[in-house]
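Inspection log for the structure reproduced underneath, given as structure tokens.
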Amino acid sequence: MFTTSFWPAAAAYQVSMMDLDAPENLSPKALQTIHYCLRLTEAINQLEAACESRLLDALREEMSIQCFRLAPLFDDPDTRRGLFLRAEMLADDSCGKKVLPQIAGLNEQQLVLGIGNTSTWVGKSRQSFYSSWFGEPAPVLQEVSDVMDSLFPESLLYLQKEIAADLLAMPGCAYKIINLFGIAGEANTYPKHFAYFFPEDEGLKYSPVKRTVVFANTYQQLFELFSRTEAARMGWTEGMLPDSQVCQRYLIAWFRGHDLGHSLVRNENVFPALSKIDRWGSMMVQEALADQFGLLMCLTPQVAAGLQLDRIVLARIYFLEMLRYLRRGPLSYPDAGAAWIQFNYLREHGCIDLSAETLDFHPDLFYPQMADLTRLMSEELLSGDAQRAQAFMLQYCPHNHPEDVDILMARLGTTNDMIEYNQLIKRVPL
């Protein structure tokens, strides 16, 4: 079962199982073929670590053939086209620059998949390794994302009023929400990710068309297993959080806002220059700003009304997720480093009370302080002054304060909780 290494390194891990149900509306032949593709992925992933060989070439060619065979089993035009394009690219990876943007522009209604080399965050590496994943579109949650998209002009006006009048939106990316049912290779390593950014995560960084793919069921499981559990540890009553399905609506709304937040700049995109000064710090502050912009978008009156988002519930869910990210290790992931920036700011300003025995959150102080932090970061990081941006990163980013990180994480504890997929599609006979 545990065929891949864990990250970050720790003496022990707590692993929780998550069932990935095989879709009921796919034909037996489609399920069998997808199961075979997962097994092929595992073989390719293992062999690539050893050496190039004729056997490896044959397995890659076989994967392309299986995509060609899978395509006619679906009625949806974009699903079929996605499979044919994927088969074309697997047969000739030199056509990726042409094909991958076409895949990112699809709107599949039956099956969404990714096969090929995928980026890893293990050890902060820029390497990529062979993966495959398969999922069904999640139309109800897609509607939540689509509302965020349709109201983005109103959200931008709200942010221009509340944060900075000269905020601009660069071209963003599409969003596809799915329920994962099969995964193998690098994408099945630990910890499990619930979103990938294509085609950047496939090696094509500057694509004219981009798409984020969200594994909604994985995201939901991470929240339920770890964030909701943290609420119980802090003594929150059951009534302080809604049920799982309602929480999922909040999570998707915020996360789509996060993605849209990455498109916001003032005058120009300063982050390529910041990355040359401090790559890791640049990634952390980008994630923090996107988090905060996404949160504030959810306060846009039209968004809050349209998606029925309660301010206090949203604050509690965001705080729990911030804590979950932070406990992953602020020196190991950019998003955990972003949580460090936010947690410490809120703690310094009284929204979070942390003692040796207790951790208390004050939602009434949350939004004014997050807005203040966003204004500060917008001014320091987005004004085009690289020296001011560097000074902010030196002051606030955790990798510049390792001793402080050790002290806080000794109090909060670094989580070594992981999920492992029980993939029921692997019970389908080959």
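Numbering starts fresh at 1 for the residues of each chain in the structure tokens, the chains themselves are lettered A, B, ... in the order given, and ligands are numbered from 1 as they appear.
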Problem - Surrounding residues of segment 101-118 of chain A excluding itself and chain neighbours under 6 positions, 8 Å, only C-alpha atoms, as a VMD selection string - result: chain A and resid 74 76 to 79 82 85 to 86 90 128 to 137 174 176 178 186 to 187 198 to 199 201 to 203 207 to 211
Practice task
Can you pull out every residue within 9 Å of Lys192 of chain A, counting only C-alpha atoms, but drop anything in the same chain fewer than 5 positions away, and send it as a count of residues only?
Solution key: 5
Exercise for the section: Work out how far apart atom CA of Asp243 of chain A and atom CA of Thr358 of chain A are and give it in Å to one decimal. Expected result: 25.3 Å
Problem - For atom CA of Gly257 of chain A and atom CA of Leu408 of chain A, the interatomic separation in Å (one decimal) - result: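 Answer for the atom CA of Gly257 of chain A to atom CA of Leu408 of chain A separation: 28.7 Å.
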Exercise for the section: For segment 10-15 of chain A, work out the shell of residues within 12 Å, counting only C-alpha atoms and skipping chain neighbours fewer than 6 positions away, then give it as a ChimeraX atom specification. Expected result: /A:1-2,190-192,222,225-226,328-329,414-422
Write out the residues from the selection above, keeping N, CA, C and O atoms, as a PDB file, in the first residue's frame.
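Printed below is part.pdb as written:
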ATOM      1  N   MET A   1       0.827  -1.207   0.000  1.00  0.00           N
ATOM      2  CA  MET A   1       0.000   0.000   0.000  1.00  0.00           C
ATOM      3  C   MET A   1       0.861   1.255   0.000  1.00  0.00           C
ATOM      4  O   MET A   1       0.750   2.135  -0.836  1.00  0.00           O
ATOM      5  N   PHE A   2       1.760   1.377   0.973  1.00  0.00           N
ATOM      6  CA  PHE A   2       2.559   2.586   1.103  1.00  0.00           C
ATOM      7  C   PHE A   2       3.813   2.449   0.244  1.00  0.00           C
ATOM      8  O   PHE A   2       4.860   2.033   0.709  1.00  0.00           O
ATOM      9  N   TYR A 190       2.811  11.304  -0.441  1.00  0.00           N
ATOM     10  CA  TYR A 190       2.317  11.893   0.807  1.00  0.00           C
ATOM     11  C   TYR A 190       3.029  13.214   1.073  1.00  0.00           C
ATOM     12  O   TYR A 190       4.237  13.286   0.880  1.00  0.00           O
ATOM     13  N   PRO A 191       2.330  14.237   1.560  1.00  0.00           N
ATOM     14  CA  PRO A 191       0.888  14.253   1.824  1.00  0.00           C
ATOM     15  C   PRO A 191       0.087  14.409   0.538  1.00  0.00           C
ATOM     16  O   PRO A 191       0.618  14.843  -0.480  1.00  0.00           O
ATOM     17  N   LYS A 192      -1.196  14.052   0.591  1.00  0.00           N
ATOM     18  CA  LYS A 192      -2.049  14.149  -0.585  1.00  0.00           C
ATOM     19  C   LYS A 192      -2.388  15.620  -0.862  1.00  0.00           C
ATOM     20  O   LYS A 192      -2.763  16.366   0.025  1.00  0.00           O
ATOM     21  N   LEU A 222      -9.845  16.211   4.090  1.00  0.00           N
ATOM     22  CA  LEU A 222      -8.803  16.877   4.874  1.00  0.00           C
ATOM     23  C   LEU A 222      -9.421  17.789   5.931  1.00  0.00           C
ATOM     24  O   LEU A 222      -8.967  17.832   7.083  1.00  0.00           O
ATOM     25  N   LEU A 225     -11.284  15.468   8.659  1.00  0.00           N
ATOM     26  CA  LEU A 225     -10.396  14.666   9.502  1.00  0.00           C
ATOM     27  C   LEU A 225      -9.543  15.513  10.423  1.00  0.00           C
ATOM     28  O   LEU A 225      -9.305  15.137  11.582  1.00  0.00           O
ATOM     29  N   PHE A 226      -9.081  16.659   9.931  1.00  0.00           N
ATOM     30  CA  PHE A 226      -8.063  17.394  10.671  1.00  0.00           C
ATOM     31  C   PHE A 226      -8.555  18.753  11.182  1.00  0.00           C
ATOM     32  O   PHE A 226      -8.325  19.085  12.343  1.00  0.00           O
ATOM     33  N   ARG A 328       1.363  21.981   9.209  1.00  0.00           N
ATOM     34  CA  ARG A 328       2.089  21.141   8.249  1.00  0.00           C
ATOM     35  C   ARG A 328       3.580  21.468   8.247  1.00  0.00           C
ATOM     36  O   ARG A 328       4.390  20.663   7.796  1.00  0.00           O
ATOM     37  N   GLY A 329       3.931  22.666   8.713  1.00  0.00           N
ATOM     38  CA  GLY A 329       5.338  23.057   8.770  1.00  0.00           C
ATOM     39  C   GLY A 329       5.622  24.266   7.915  1.00  0.00           C
ATOM     40  O   GLY A 329       5.704  24.155   6.683  1.00  0.00           O
ATOM     41  N   THR A 414       3.736  20.048  15.063  1.00  0.00           N
ATOM     42  CA  THR A 414       3.709  19.834  13.617  1.00  0.00           C
ATOM     43  C   THR A 414       2.921  18.576  13.325  1.00  0.00           C
ATOM     44  O   THR A 414       3.187  17.521  13.895  1.00  0.00           O
ATOM     45  N   THR A 415       1.923  18.692  12.468  1.00  0.00           N
ATOM     46  CA  THR A 415       1.084  17.535  12.192  1.00  0.00           C
ATOM     47  C   THR A 415       1.798  16.548  11.279  1.00  0.00           C
ATOM     48  O   THR A 415       2.453  16.929  10.303  1.00  0.00           O
ATOM     49  N   ASN A 416       1.700  15.300  11.620  1.00  0.00           N
ATOM     50  CA  ASN A 416       2.182  14.226  10.761  1.00  0.00           C
ATOM     51  C   ASN A 416       1.008  13.343  10.336  1.00  0.00           C
ATOM     52  O   ASN A 416       1.164  12.150  10.091  1.00  0.00           O
ATOM     53  N   ASP A 417      -0.180  13.960  10.267  1.00  0.00           N
ATOM     54  CA  ASP A 417      -1.383  13.250   9.843  1.00  0.00           C
ATOM     55  C   ASP A 417      -1.424  13.192   8.321  1.00  0.00           C
ATOM     56  O   ASP A 417      -1.211  14.186   7.643  1.00  0.00           O
ATOM     57  N   MET A 418      -1.725  12.025   7.791  1.00  0.00           N
ATOM     58  CA  MET A 418      -1.808  11.810   6.343  1.00  0.00           C
ATOM     59  C   MET A 418      -3.084  11.045   6.028  1.00  0.00           C
ATOM     60  O   MET A 418      -3.662  10.394   6.899  1.00  0.00           O
ATOM     61  N   ILE A 419      -3.519  11.125   4.781  1.00  0.00           N
ATOM     62  CA  ILE A 419      -4.578  10.239   4.326  1.00  0.00           C
ATOM     63  C   ILE A 419      -4.013   9.277   3.300  1.00  0.00           C
ATOM     64  O   ILE A 419      -3.071   9.590   2.570  1.00  0.00           O
ATOM     65  N   GLU A 420      -4.577   8.090   3.295  1.00  0.00           N
ATOM     66  CA  GLU A 420      -4.242   7.074   2.300  1.00  0.00           C
ATOM     67  C   GLU A 420      -5.523   6.690   1.575  1.00  0.00           C
ATOM     68  O   GLU A 420      -6.577   6.518   2.200  1.00  0.00           O
ATOM     69  N   TYR A 421      -5.451   6.606   0.254  1.00  0.00           N
ATOM     70  CA  TYR A 421      -6.630   6.292  -0.537  1.00  0.00           C
ATOM     71  C   TYR A 421      -6.866   4.785  -0.606  1.00  0.00           C
ATOM     72  O   TYR A 421      -5.947   4.009  -0.920  1.00  0.00           O
ATOM     73  N   ASN A 422      -8.095   4.387  -0.357  1.00  0.00           N
ATOM     74  CA  ASN A 422      -8.557   3.034  -0.635  1.00  0.00           C
ATOM     75  C   ASN A 422      -9.329   3.090  -1.949  1.00  0.00           C
ATOM     76  O   ASN A 422     -10.506   3.464  -1.981  1.00  0.00           O
TER      77      ASN A 422
END
Practice task
For Thr33 of chain A, list every protein, DNA or RNA residue within 12 Å, evaluated using only C-alpha atoms, and leave out those in the same chain fewer than 2 positions away; present the list as a ChimeraX atom specification.
Solution key: /A:26-31,35-40,62-71,73,134,182,425-426,428-430
Completion exercise
As a check of understanding: the span from atom CA of Arg249 of chain A to atom CA of Leu141 of chain A is 6.9 Å
Problem - Sel. of strand (DSSP E or B) residues, segment 117-359 of chain A, as a PyMOL selection string - result: chain A and resi 117-119+128-137+167-169+174-185+195-198+211-215+264-266+268+352-354+359
Practice task
Determine, counting only C-alpha atoms, which protein, DNA and RNA residues have an atom within 7 Å of an atom of Leu264 of chain A; residues of the same chain fewer than 4 positions away are not included. Present the result as a VMD selection string.
Solution key: chain A and resid 167 to 170
